[in-house]
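Here is data-v3.cif, consisting of mmCIF, C-alpha atoms:
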```
data_start
loop_
_atom_site.group_PDB
_atom_site.id
_atom_site.type_symbol
_atom_site.label_atom_id
_atom_site.label_comp_id
_atom_site.auth_asym_id
_atom_site.auth_seq_id
_atom_site.Cartn_x
_atom_site.Cartn_y
_atom_site.Cartn_z
ATOM 1 C CA MET J 1 -4.052 222.583 102.255
ATOM 2 C CA ARG J 2 -7.036 220.396 103.056
ATOM 3 C CA HIS J 3 -9.292 219.487 100.127
ATOM 4 C CA VAL J 4 -12.588 217.833 99.402
ATOM 5 C CA TYR J 5 -11.621 214.742 97.406
ATOM 6 C CA ILE J 6 -14.406 213.585 95.081
ATOM 7 C CA LEU J 7 -14.031 209.901 94.200
ATOM 8 C CA HIS J 8 -15.877 209.166 90.952
ATOM 9 C CA GLU J 9 -15.904 207.407 87.580
ATOM 10 C CA ASN J 10 -18.236 209.640 85.554
ATOM 11 C CA ASP J 11 -17.225 213.219 84.739
ATOM 12 C CA ALA J 12 -20.761 214.202 83.747
ATOM 13 C CA TRP J 13 -22.062 213.561 87.262
ATOM 14 C CA VAL J 14 -19.427 215.600 89.099
ATOM 15 C CA LYS J 15 -19.468 218.725 86.900
ATOM 16 C CA PRO J 16 -22.564 220.211 88.613
ATOM 17 C CA ILE J 17 -20.870 219.747 92.013
ATOM 18 C CA THR J 18 -17.480 221.170 91.013
ATOM 19 C CA LYS J 19 -19.181 224.181 89.424
ATOM 20 C CA VAL J 20 -20.796 225.097 92.740
ATOM 21 C CA LEU J 21 -17.623 224.320 94.718
ATOM 22 C CA ASP J 22 -15.699 226.659 92.396
ATOM 23 C CA THR J 23 -18.222 229.434 92.986
ATOM 24 C CA ALA J 24 -18.096 228.891 96.751
ATOM 25 C CA GLY J 25 -14.298 228.828 96.778
ATOM 26 C CA VAL J 26 -14.127 225.358 98.306
ATOM 27 C CA PRO J 27 -10.814 223.605 97.524
ATOM 28 C CA TYR J 28 -11.357 220.209 95.942
ATOM 29 C CA LYS J 29 -9.632 217.558 93.862
ATOM 30 C CA LEU J 30 -11.107 214.880 91.631
ATOM 31 C CA TRP J 31 -9.988 211.301 92.228
ATOM 32 C CA SER J 32 -10.743 208.948 89.347
ATOM 33 C CA LEU J 33 -11.926 205.442 90.162
ATOM 34 C CA ILE J 34 -11.544 204.287 86.562
ATOM 35 C CA GLU J 35 -7.859 203.538 87.038
ATOM 36 C CA GLY J 36 -4.910 204.709 89.115
ATOM 37 C CA SER J 37 -2.823 203.633 92.091
ATOM 38 C CA TYR J 38 -2.142 204.307 95.756
ATOM 39 C CA ASP J 39 0.391 203.057 98.301
ATOM 40 C CA VAL J 40 -1.240 201.091 101.126
ATOM 41 C CA ALA J 41 1.567 202.050 103.511
ATOM 42 C CA GLU J 42 1.232 205.790 102.853
ATOM 43 C CA THR J 43 -0.971 208.171 104.809
ATOM 44 C CA PRO J 44 -3.864 209.583 102.727
ATOM 45 C CA PRO J 45 -3.838 213.300 101.920
ATOM 46 C CA GLU J 46 -5.452 215.743 104.336
ATOM 47 C CA GLY J 47 -9.092 216.533 103.798
ATOM 48 C CA ILE J 48 -12.419 214.755 103.477
ATOM 49 C CA PHE J 49 -13.453 212.191 100.891
ATOM 50 C CA PHE J 50 -16.805 212.047 99.098
ATOM 51 C CA CYS J 51 -17.483 208.819 97.189
ATOM 52 C CA LYS J 52 -19.715 209.032 94.120
ATOM 53 C CA MET J 53 -19.072 205.520 92.837
ATOM 54 C CA SER J 54 -21.975 204.371 90.660
ATOM 55 C CA ALA J 55 -23.539 200.939 90.319
ATOM 56 C CA SER J 56 -23.872 201.543 86.576
ATOM 57 C CA ALA J 57 -20.119 202.069 85.995
ATOM 58 C CA HIS J 58 -19.829 198.813 84.041
ATOM 59 C CA THR J 59 -22.249 200.174 81.417
ATOM 60 C CA ARG J 60 -19.643 202.840 80.640
ATOM 61 C CA GLY J 61 -16.888 200.240 80.306
ATOM 62 C CA HIS J 62 -15.512 200.845 83.808
ATOM 63 C CA HIS J 63 -15.725 197.245 85.001
ATOM 64 C CA ALA J 64 -12.912 197.495 87.559
ATOM 65 C CA ALA J 65 -14.080 200.762 89.130
ATOM 66 C CA ALA J 66 -16.283 199.167 91.805
ATOM 67 C CA THR J 67 -13.514 196.864 93.050
ATOM 68 C CA TYR J 68 -10.986 199.687 92.968
ATOM 69 C CA ALA J 69 -13.388 201.926 94.915
ATOM 70 C CA ASP J 70 -13.881 199.221 97.519
ATOM 71 C CA SER J 71 -10.134 198.787 98.071
ATOM 72 C CA LEU J 72 -9.558 202.539 98.167
ATOM 73 C CA LEU J 73 -12.282 203.102 100.761
ATOM 74 C CA HIS J 74 -10.842 200.311 102.915
ATOM 75 C CA TRP J 75 -7.515 202.150 102.845
ATOM 76 C CA LEU J 76 -9.043 205.537 103.676
ATOM 77 C CA GLU J 77 -11.206 204.222 106.485
ATOM 78 C CA SER J 78 -8.338 202.189 107.967
ATOM 79 C CA HIS J 79 -6.549 205.507 108.439
ATOM 80 C CA GLY J 80 -9.580 207.047 110.164
ATOM 81 C CA CYS J 81 -10.331 209.431 107.295
ATOM 82 C CA ILE J 82 -13.672 211.203 107.087
ATOM 83 C CA VAL J 83 -15.381 209.429 104.190
ATOM 84 C CA ILE J 84 -18.790 210.606 103.082
ATOM 85 C CA ASN J 85 -20.727 207.618 101.716
ATOM 86 C CA GLY J 86 -18.003 205.164 102.639
ATOM 87 C CA LEU J 87 -17.715 201.406 102.585
ATOM 88 C CA ASN J 88 -21.152 200.520 103.901
ATOM 89 C CA ALA J 89 -22.816 202.990 101.558
ATOM 90 C CA LEU J 90 -20.847 201.537 98.634
ATOM 91 C CA ARG J 91 -21.969 198.017 99.565
ATOM 92 C CA LEU J 92 -25.611 199.095 99.360
ATOM 93 C CA GLU J 93 -25.045 201.046 96.145
ATOM 94 C CA LEU J 94 -23.611 197.962 94.436
ATOM 95 C CA SER J 95 -26.169 195.426 95.668
ATOM 96 C CA LYS J 96 -29.945 195.743 95.740
ATOM 97 C CA ALA J 97 -30.001 192.444 97.628
ATOM 98 C CA ALA J 98 -27.960 194.103 100.367
ATOM 99 C CA GLN J 99 -30.341 197.070 100.285
ATOM 100 C CA TYR J 100 -33.365 194.904 100.960
ATOM 101 C CA ALA J 101 -31.603 193.004 103.750
ATOM 102 C CA ALA J 102 -30.813 196.363 105.380
ATOM 103 C CA LEU J 103 -34.384 197.608 104.877
ATOM 104 C CA TYR J 104 -35.707 194.403 106.446
ATOM 105 C CA ALA J 105 -33.424 194.865 109.443
ATOM 106 C CA ALA J 106 -34.721 198.430 109.808
ATOM 107 C CA GLY J 107 -38.368 197.361 109.630
ATOM 108 C CA ILE J 108 -39.028 199.373 106.450
ATOM 109 C CA ALA J 109 -41.592 197.856 104.069
ATOM 110 C CA PHE J 110 -40.466 196.865 100.570
ATOM 111 C CA PRO J 111 -42.057 194.786 97.774
ATOM 112 C CA CYS J 112 -41.860 190.992 98.087
ATOM 113 C CA THR J 113 -38.500 190.087 96.531
ATOM 114 C CA LYS J 114 -36.624 186.925 95.550
ATOM 115 C CA ILE J 115 -32.859 186.975 94.996
ATOM 116 C CA VAL J 116 -31.922 184.746 92.060
ATOM 117 C CA SER J 117 -28.605 183.402 90.812
ATOM 118 C CA GLY J 118 -28.872 182.076 87.238
ATOM 119 C CA ARG J 119 -31.598 182.660 84.679
ATOM 120 C CA ASN J 120 -32.994 179.127 85.128
ATOM 121 C CA HIS J 121 -34.412 180.064 88.524
ATOM 122 C CA LEU J 122 -36.250 183.228 87.437
ATOM 123 C CA LEU J 123 -39.465 181.479 86.449
ATOM 124 C CA ALA J 124 -39.758 179.539 89.702
ATOM 125 C CA ALA J 125 -39.168 182.703 91.712
ATOM 126 C CA ALA J 126 -41.847 184.559 89.739
ATOM 127 C CA GLU J 127 -44.350 181.735 90.230
ATOM 128 C CA THR J 128 -43.746 181.866 93.976
ATOM 129 C CA ILE J 129 -44.343 185.621 94.137
ATOM 130 C CA GLY J 130 -47.216 185.714 91.642
ATOM 131 C CA TYR J 131 -47.564 187.865 88.527
ATOM 132 C CA PRO J 132 -47.126 190.643 87.586
ATOM 133 C CA VAL J 133 -43.452 190.832 88.573
ATOM 134 C CA ILE J 134 -40.519 193.132 88.020
ATOM 135 C CA VAL J 135 -37.184 191.555 87.090
ATOM 136 C CA LYS J 136 -34.107 193.705 87.699
ATOM 137 C CA HIS J 137 -30.348 193.428 87.946
ATOM 138 C CA ASN J 138 -28.842 193.330 91.431
ATOM 139 C CA ARG J 139 -26.236 195.865 90.325
ATOM 140 C CA GLY J 140 -27.948 198.264 87.985
ATOM 141 C CA GLY J 141 -28.432 202.003 88.044
ATOM 142 C CA LYS J 142 -30.542 204.193 85.732
ATOM 143 C CA GLY J 143 -33.189 201.474 85.524
ATOM 144 C CA ILE J 144 -30.863 199.137 83.646
ATOM 145 C CA GLY J 145 -32.279 195.633 83.258
ATOM 146 C CA VAL J 146 -35.642 196.499 84.836
ATOM 147 C CA GLN J 147 -38.562 194.813 83.053
ATOM 148 C CA LEU J 148 -42.201 194.127 83.870
ATOM 149 C CA PHE J 149 -43.785 190.734 83.129
ATOM 150 C CA HIS J 150 -47.499 190.010 83.402
ATOM 151 C CA GLU J 151 -47.389 186.260 82.798
ATOM 152 C CA ALA J 152 -45.044 183.275 82.743
ATOM 153 C CA ALA J 153 -44.997 182.975 78.952
ATOM 154 C CA SER J 154 -43.542 186.440 78.420
ATOM 155 C CA LEU J 155 -40.880 185.912 81.089
ATOM 156 C CA MET J 156 -39.975 182.514 79.608
ATOM 157 C CA ASN J 157 -39.665 183.995 76.115
ATOM 158 C CA HIS J 158 -37.419 186.723 77.482
ATOM 159 C CA VAL J 159 -35.181 184.335 79.418
ATOM 160 C CA GLU J 160 -34.748 182.072 76.382
ATOM 161 C CA SER J 161 -34.209 184.889 73.887
ATOM 162 C CA SER J 162 -31.004 186.514 72.659
ATOM 163 C CA ASP J 163 -32.228 189.786 74.204
ATOM 164 C CA TYR J 164 -31.625 188.456 77.705
ATOM 165 C CA VAL J 165 -28.724 190.289 79.341
ATOM 166 C CA GLU J 166 -26.878 188.532 82.154
ATOM 167 C CA PRO J 167 -26.437 190.791 85.217
ATOM 168 C CA VAL J 168 -22.845 191.921 85.688
ATOM 169 C CA ASP J 169 -22.630 190.101 89.044
ATOM 170 C CA GLY J 170 -24.828 187.171 87.979
ATOM 171 C CA ILE J 171 -27.587 188.106 90.439
ATOM 172 C CA SER J 172 -31.145 189.099 89.509
ATOM 173 C CA LEU J 173 -34.094 190.206 91.617
ATOM 174 C CA VAL J 174 -37.665 189.083 91.016
ATOM 175 C CA GLN J 175 -40.035 191.470 92.735
ATOM 176 C CA LYS J 176 -43.780 191.800 93.139
ATOM 177 C CA TYR J 177 -45.000 194.643 90.967
ATOM 178 C CA ILE J 178 -46.670 197.396 92.969
ATOM 179 C CA ARG J 179 -49.314 199.006 90.792
ATOM 180 C CA PRO J 180 -49.728 202.670 91.772
ATOM 181 C CA PRO J 181 -53.090 204.447 91.311
ATOM 182 C CA GLU J 182 -51.273 206.886 88.982
ATOM 183 C CA PRO J 183 -48.095 206.294 86.938
ATOM 184 C CA PHE J 184 -45.554 207.909 89.233
ATOM 185 C CA ILE J 185 -43.128 207.148 92.033
ATOM 186 C CA THR J 186 -41.640 209.497 94.611
ATOM 187 C CA ARG J 187 -37.934 210.033 95.099
ATOM 188 C CA LEU J 188 -36.824 211.486 98.430
ATOM 189 C CA GLU J 189 -33.494 213.316 98.517
ATOM 190 C CA TYR J 190 -31.352 213.372 101.663
ATOM 191 C CA ILE J 191 -28.177 215.390 102.325
ATOM 192 C CA GLY J 192 -26.220 215.107 105.553
ATOM 193 C CA GLY J 193 -28.652 212.353 106.475
ATOM 194 C CA LYS J 194 -31.501 214.881 106.546
ATOM 195 C CA PHE J 195 -34.522 215.155 104.232
ATOM 196 C CA LEU J 196 -34.187 217.871 101.572
ATOM 197 C CA TYR J 197 -37.148 217.466 99.220
ATOM 198 C CA ALA J 198 -39.368 214.990 97.407
ATOM 199 C CA VAL J 199 -39.610 214.555 93.637
ATOM 200 C CA ARG J 200 -42.642 213.168 91.857
ATOM 201 C CA VAL J 201 -41.279 211.104 88.964
ATOM 202 C CA ASP J 202 -43.443 210.211 85.966
ATOM 203 C CA THR J 203 -43.062 206.497 85.140
ATOM 204 C CA SER J 204 -45.369 206.418 82.121
ATOM 205 C CA GLN J 205 -42.335 206.367 79.801
ATOM 206 C CA GLY J 206 -40.536 203.460 81.463
ATOM 207 C CA PHE J 207 -38.251 202.585 84.342
ATOM 208 C CA GLU J 208 -35.146 204.624 83.476
ATOM 209 C CA LEU J 209 -35.612 207.289 86.141
ATOM 210 C CA CYS J 210 -32.146 208.847 86.400
ATOM 211 C CA PRO J 211 -32.701 212.543 87.277
ATOM 212 C CA ALA J 212 -29.287 213.830 86.156
ATOM 213 C CA GLU J 213 -29.152 216.242 83.222
ATOM 214 C CA ALA J 214 -26.868 213.760 81.438
ATOM 215 C CA CYS J 215 -29.714 211.209 81.517
ATOM 216 C CA ALA J 216 -32.345 213.521 80.011
ATOM 217 C CA VAL J 217 -34.634 211.972 77.387
ATOM 218 C CA ASP J 218 -35.033 214.047 74.230
ATOM 219 C CA GLY J 219 -38.555 214.811 73.053
ATOM 220 C CA ALA J 220 -40.328 214.341 76.380
ATOM 221 C CA LYS J 221 -43.829 215.839 76.128
ATOM 222 C CA LYS J 222 -44.059 216.835 79.784
ATOM 223 C CA PRO J 223 -41.661 217.251 82.694
ATOM 224 C CA MET J 224 -40.646 213.897 84.090
ATOM 225 C CA PHE J 225 -39.586 215.339 87.455
ATOM 226 C CA GLU J 226 -41.603 217.686 89.701
ATOM 227 C CA ILE J 227 -40.398 218.745 93.133
ATOM 228 C CA GLN J 228 -42.952 218.595 95.949
ATOM 229 C CA LYS J 229 -41.898 221.179 98.529
ATOM 230 C CA ASP J 230 -44.571 220.372 101.096
ATOM 231 C CA PHE J 231 -44.142 216.596 101.095
ATOM 232 C CA PHE J 232 -44.713 214.962 104.460
ATOM 233 C CA HIS J 233 -44.885 211.289 105.356
ATOM 234 C CA PRO J 234 -43.705 209.209 108.348
ATOM 235 C CA ILE J 235 -41.407 207.294 105.976
ATOM 236 C CA VAL J 236 -39.024 210.279 106.060
ATOM 237 C CA GLU J 237 -38.225 209.709 109.737
ATOM 238 C CA ALA J 238 -37.726 205.982 109.089
ATOM 239 C CA HIS J 239 -35.373 206.767 106.200
ATOM 240 C CA GLU J 240 -33.317 209.211 108.259
ATOM 241 C CA LYS J 241 -32.899 206.593 110.972
ATOM 242 C CA PHE J 242 -31.947 204.037 108.301
ATOM 243 C CA LEU J 243 -29.326 206.395 106.848
ATOM 244 C CA ARG J 244 -27.790 207.016 110.268
ATOM 245 C CA LYS J 245 -27.597 203.291 110.993
ATOM 246 C CA ASN J 246 -25.952 202.586 107.642
ATOM 247 C CA LYS J 247 -23.670 205.662 107.640
ATOM 248 C CA ILE J 248 -25.103 207.105 104.437
ATOM 249 C CA ALA J 249 -24.923 210.899 104.270
ATOM 250 C CA VAL J 250 -26.189 211.541 100.739
ATOM 251 C CA ALA J 251 -28.873 209.484 98.985
ATOM 252 C CA GLY J 252 -31.992 209.481 96.864
ATOM 253 C CA ILE J 253 -34.520 206.904 98.089
ATOM 254 C CA GLU J 254 -37.424 205.843 95.890
ATOM 255 C CA ILE J 255 -40.839 204.890 97.242
ATOM 256 C CA ILE J 256 -44.101 203.766 95.677
ATOM 257 C CA ALA J 257 -47.643 203.542 97.025
ATOM 258 C CA ASN J 258 -50.333 201.020 96.068
ATOM 259 C CA ASN J 259 -54.045 201.776 95.651
ATOM 260 C CA LYS J 260 -54.550 201.272 99.404
ATOM 261 C CA GLY J 261 -52.002 203.939 100.240
ATOM 262 C CA ASP J 262 -49.426 201.473 101.556
ATOM 263 C CA VAL J 263 -45.916 202.836 100.954
ATOM 264 C CA PHE J 264 -42.992 200.650 99.907
ATOM 265 C CA THR J 265 -39.330 201.635 99.691
ATOM 266 C CA TYR J 266 -37.787 199.937 96.673
ATOM 267 C CA ASP J 267 -34.505 201.608 95.711
ATOM 268 C CA ILE J 268 -31.669 203.404 97.480
ATOM 269 C CA ASN J 269 -29.475 205.537 95.233
ATOM 270 C CA VAL J 270 -26.319 206.352 97.184
ATOM 271 C CA ASN J 271 -24.854 207.931 94.052
ATOM 272 C CA THR J 272 -27.693 210.406 93.646
ATOM 273 C CA ASN J 273 -28.026 213.292 91.186
ATOM 274 C CA TYR J 274 -30.433 216.206 90.899
ATOM 275 C CA ASN J 275 -32.619 217.341 88.025
ATOM 276 C CA PRO J 276 -31.732 220.969 87.151
ATOM 277 C CA GLU J 277 -35.009 221.755 85.362
ATOM 278 C CA ALA J 278 -37.185 220.586 88.251
ATOM 279 C CA GLU J 279 -34.995 222.440 90.735
ATOM 280 C CA ALA J 280 -35.145 225.658 88.696
ATOM 281 C CA ARG J 281 -38.952 225.512 88.687
ATOM 282 C CA ALA J 282 -39.027 224.938 92.451
ATOM 283 C CA GLY J 283 -36.215 227.329 93.337
ATOM 284 C CA ILE J 284 -34.290 224.788 95.402
ATOM 285 C CA TYR J 285 -30.930 223.332 94.432
ATOM 286 C CA GLY J 286 -29.603 220.073 95.834
ATOM 287 C CA THR J 287 -26.085 220.640 94.511
ATOM 288 C CA GLU J 288 -25.821 223.925 96.441
ATOM 289 C CA VAL J 289 -26.960 222.222 99.651
ATOM 290 C CA LEU J 290 -24.500 219.390 99.009
ATOM 291 C CA ALA J 291 -21.640 221.822 98.365
ATOM 292 C CA ASP J 292 -22.425 223.664 101.595
ATOM 293 C CA PHE J 293 -22.474 220.352 103.481
ATOM 294 C CA LEU J 294 -19.074 219.398 102.022
ATOM 295 C CA LYS J 295 -17.703 222.838 102.924
ATOM 296 C CA GLN J 296 -18.884 222.520 106.516
ATOM 297 C CA MET J 297 -17.450 219.017 106.789
ATOM 298 C CA LEU J 298 -14.113 220.235 105.415
ATOM 299 C CA GLN J 299 -14.002 223.152 107.838
ATOM 300 C CA GLY J 300 -15.151 221.019 110.755
ATOM 301 C CA THR J 301 -18.060 223.348 111.483
ATOM 302 C CA THR J 302 -20.560 220.497 111.496
ATOM 303 C CA LYS J 303 -20.405 217.025 112.967
ATOM 304 C CA ASN J 304 -22.009 214.155 111.178
ATOM 305 C CA LEU J 305 -21.502 210.679 112.595
ATOM 306 C CA LEU J 306 -22.687 209.226 109.273
ATOM 307 C CA THR J 307 -19.346 210.073 107.704
ATOM 308 C CA VAL J 308 -16.871 208.865 110.328
ATOM 309 C CA ALA J 309 -15.281 205.426 110.069
ATOM 310 C CA GLU J 310 -15.425 203.501 113.366
#
```
Would it be possible to restate this file's structure as structure tokens?
Amino acid sequence: MRHVYILHENDAWVKPITKVLDTAGVPYKLWSLIEGSYDVAETPPEGIFFCKMSASAHTRGHHAAATYADSLLHWLESHGCIVINGLNALRLELSKAAQYAALYAAGIAFPCTKIVSGRNHLLAAAETIGYPVIVKHNRGGKGIGVQLFHEAASLMNHVESSDYVEPVDGISLVQKYIRPPEPFITRLEYIGGKFLYAVRVDTSQGFELCPAEACAVDGAKKPMFEIQKDFFHPIVEAHEKFLRKNKIAVAGIEIIANNKGDVFTYDINVNTNYNPEAEARAGIYGTEVLADFLKQMLQGTTKNLLTVAE
């Protein structure tokens, strides 16, 4: 029997998907990226493969998961398997530097960004860009390592303090801070390479903007996520073209606008999750759309060139 194989390293993020797949009667199997083995000479099992590898795996102690995922996807794609969010998607998930290079190639605007190796070069990069700046880890997830600095003294104190955390891959990004007229960003969700909905995300409480239920912050005074059903902006078409070019079928892409209305794309979340409370209020459910997409891909009733290794 053919199955949907879900490659992952975090049980909490696949439970909403498997719940819907169970209800829909879609056969699936979970494939852990935390540890395991496969035979390079063997033919992979029949079915389709959906990769939900996360850039933040190392924060859960799964330091080898990214490398294991990379090798596994090479194996699957070498056999011509249908892999949803395959090797190229994984590369962008694990490297914001790669994301910005891809955005540049696509002609999509993003904040001025310097890629930095070593903490000693952070100050020089910030001076070149001009304050205020955002400093973030190249491989992050959930807003890990993202901090705002308004002047050189505060960045210097941070770099020289014991609170400084070295990025897991040694690479940091220094980025021009885009100050929005109101404290929110917009996250655009795409499934099957097509726009699903937009989410207005309140940033007044910080930069940890993970929408998954497992990331919920206790004691929040107001909803952090609000779905905008009637969202329209030309950036959607640019994103869909970008996703096709980079063979990304499922993603959440974050944008921000300045006080002039200029829109910048600043983060691509290939391992995206959906906020159940916001979806319940709006009456639209990303996990159900995703499950239907996986079902159609498994049955071969839809063609999606984003998912096919070439």
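Using all atoms listed in the file, the protein and nucleic acid residues lying no more than 10 Å from His150 (chain J), apart from those fewer than 6 places from it along its own chain, are Gly130, Tyr131, Pro132, Val133, Ile134 and Tyr177 of chain J.
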Which polymer residues have any atom within 6 Å of an atom of Lys52 (chain J), counting all atoms listed in the file, with same-chain residues fewer than 4 positions away left out, as a ChimeraX atom specification?
/J:7-8,271
I need the residues from that last selection saved to file as a PDB file, keeping the file's coordinate frame (with C-alpha atoms), if you can.
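The new file selection_12.pdb reads:
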```pdb
ATOM      1  CA  LEU J   7     -14.031 209.901  94.200  1.00  0.00           C
ATOM      2  CA  HIS J   8     -15.877 209.166  90.952  1.00  0.00           C
ATOM      3  CA  ASN J 271     -24.854 207.931  94.052  1.00  0.00           C
TER       4      ASN J 271
END
```
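Non-sequential neighbours of Leu294 (chain J) (distance at most 10 Å, separation of 4 or more positions within a chain, only C-alpha atoms) are His3, Val4, Tyr5, Leu21, Val26, Tyr28, Ile48, Phe49, Phe50, Ile84, Ile191, Gly192, Glu288, Val289, Leu290, Leu298, Gln299, Gly300 and Thr302 of chain J.
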How would the residues just picked look written out with C-alpha atoms as a compact mmCIF listing (two decimals), in the coordinates of the input?
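And here's part_22.txt as it stands now:
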```txt
# COMPACT_ATOMS: atom_id res chain seq x y z
CA HIS J 3 -9.29 219.49 100.13
CA VAL J 4 -12.59 217.83 99.40
CA TYR J 5 -11.62 214.74 97.41
CA LEU J 21 -17.62 224.32 94.72
CA VAL J 26 -14.13 225.36 98.31
CA TYR J 28 -11.36 220.21 95.94
CA ILE J 48 -12.42 214.76 103.48
CA PHE J 49 -13.45 212.19 100.89
CA PHE J 50 -16.80 212.05 99.10
CA ILE J 84 -18.79 210.61 103.08
CA ILE J 191 -28.18 215.39 102.32
CA GLY J 192 -26.22 215.11 105.55
CA GLU J 288 -25.82 223.92 96.44
CA VAL J 289 -26.96 222.22 99.65
CA LEU J 290 -24.50 219.39 99.01
CA LEU J 298 -14.11 220.24 105.42
CA GLN J 299 -14.00 223.15 107.84
CA GLY J 300 -15.15 221.02 110.76
CA THR J 302 -20.56 220.50 111.50
```
The PyMOL selection byres ((chain J and resi 100) around 10) resolved against shown file, as a PyMOL selection string:
chain J and resi 92+95-99+101-106+108-113+115+265-268
Got time to write the residues from that selection, C-alpha atoms, as a short mmCIF file (atom, residue, chain, number, x, y, z; two decimals), in the coordinates of the input?
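Result saved to result_24.cif:
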```cif
data_model
loop_
_atom_site.label_atom_id
_atom_site.label_comp_id
_atom_site.auth_asym_id
_atom_site.auth_seq_id
_atom_site.Cartn_x
_atom_site.Cartn_y
_atom_site.Cartn_z
CA LEU J 92 -25.61 199.10 99.36
CA SER J 95 -26.17 195.43 95.67
CA LYS J 96 -29.94 195.74 95.74
CA ALA J 97 -30.00 192.44 97.63
CA ALA J 98 -27.96 194.10 100.37
CA GLN J 99 -30.34 197.07 100.28
CA ALA J 101 -31.60 193.00 103.75
CA ALA J 102 -30.81 196.36 105.38
CA LEU J 103 -34.38 197.61 104.88
CA TYR J 104 -35.71 194.40 106.45
CA ALA J 105 -33.42 194.86 109.44
CA ALA J 106 -34.72 198.43 109.81
CA ILE J 108 -39.03 199.37 106.45
CA ALA J 109 -41.59 197.86 104.07
CA PHE J 110 -40.47 196.86 100.57
CA PRO J 111 -42.06 194.79 97.77
CA CYS J 112 -41.86 190.99 98.09
CA THR J 113 -38.50 190.09 96.53
CA ILE J 115 -32.86 186.98 95.00
CA THR J 265 -39.33 201.64 99.69
CA TYR J 266 -37.79 199.94 96.67
CA ASP J 267 -34.51 201.61 95.71
CA ILE J 268 -31.67 203.40 97.48
#
```
Go through J:Lys114, J:Arg187, J:Arg139, J:Arg119 one by one, measure the shortest atom-to-atom distance of each to Val174 (chain J) using all atoms listed in the file, and give the residue with the smallest value.
J:Lys114
As a check of understanding: the span from CA of Ile17 (chain J) to CA of Trp31 (chain J) is 13.8 Å
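We find CA of Thr67 (chain J) and CA of Val20 (chain J) to be spaced 29.2 Å apart.
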Got a sec to resolve the PyMOL selection byres ((chain J and resi 240-253) around 7) on this structure and send the residues as a PyMOL selection string?
chain J and resi 84-85+88-89+106+187-194+236-239+254-255+267-272+306-307
Residues near Asn120 (chain J), anyone? I mean within 10 Å using all atoms listed in the file, not counting same-chain ones fewer than 6 positions away, as JSON, numbers by chain.
{"J": [156, 159, 160]}
Evaluate the PyMOL selection byres ((chain J and resi 223-233) around 7) here and jot the selected residues down as a list of chain:residue names.
J:Tyr197, J:Ala198, J:Val199, J:Arg200, J:Val201, J:Asp202, J:Lys222, J:Pro234, J:Ile235, J:Val236, J:Ala278, J:Glu279, J:Ala282
CA of Pro16 (chain J) to CA of Arg281 (chain J), distance in Å rounded to a single decimal:
17.2 Å
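Compared by their closest atoms to Arg2 (chain J), and using all atoms listed in the file, the residues J:Ala24, J:Cys81, J:Thr186, J:Glu46 rank with J:Glu46 nearest.
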Of J:Ala124, J:Val116, J:Ile6, J:Ile144, the one nearest to Ala57 (chain J) when counting only C-alpha atoms is J:Ile144
List as a ChimeraX atom specification the protein and nucleic acid residues near Val146 (chain J), meaning an atom at most 8 Å away when all atoms listed in the file are counted, but skip any in the same chain fewer than 5 places from it.
/J:134-137,207
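Minimum distance to Glu182 (chain J) across J:Ala257, J:Ala125, J:Val14, J:Ala66 (counting all atoms listed in the file) occurs at J:Ala257.
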Compare J:Ser172, J:Asn259, J:Ser204, J:Ser32 by their minimum atom-to-atom distance to His121 (chain J), counting only C-alpha atoms, and give me the closest one.
J:Ser172
Which polymer residues, protein or nucleic acid, are no farther than 9 Å from (-25.1, 197.6, 88.2), counting only C-alpha atoms, as a JSON list (two decimals) with C-alpha atoms, in the coordinates of the input?
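For reference, out31.json as written:
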```
[["chain", "number", "residue", "atom", "x", "y", "z"],
["J", 54, "SER", "CA", -21.98, 204.37, 90.66],
["J", 55, "ALA", "CA", -23.54, 200.94, 90.32],
["J", 56, "SER", "CA", -23.87, 201.54, 86.58],
["J", 57, "ALA", "CA", -20.12, 202.07, 86.00],
["J", 58, "HIS", "CA", -19.83, 198.81, 84.04],
["J", 59, "THR", "CA", -22.25, 200.17, 81.42],
["J", 93, "GLU", "CA", -25.04, 201.05, 96.14],
["J", 94, "LEU", "CA", -23.61, 197.96, 94.44],
["J", 95, "SER", "CA", -26.17, 195.43, 95.67],
["J", 137, "HIS", "CA", -30.35, 193.43, 87.95],
["J", 138, "ASN", "CA", -28.84, 193.33, 91.43],
["J", 139, "ARG", "CA", -26.24, 195.86, 90.32],
["J", 140, "GLY", "CA", -27.95, 198.26, 87.98],
["J", 141, "GLY", "CA", -28.43, 202.00, 88.04],
["J", 142, "LYS", "CA", -30.54, 204.19, 85.73],
["J", 144, "ILE", "CA", -30.86, 199.14, 83.65],
["J", 145, "GLY", "CA", -32.28, 195.63, 83.26],
["J", 167, "PRO", "CA", -26.44, 190.79, 85.22],
["J", 168, "VAL", "CA", -22.84, 191.92, 85.69],
["J", 169, "ASP", "CA", -22.63, 190.10, 89.04]]
```
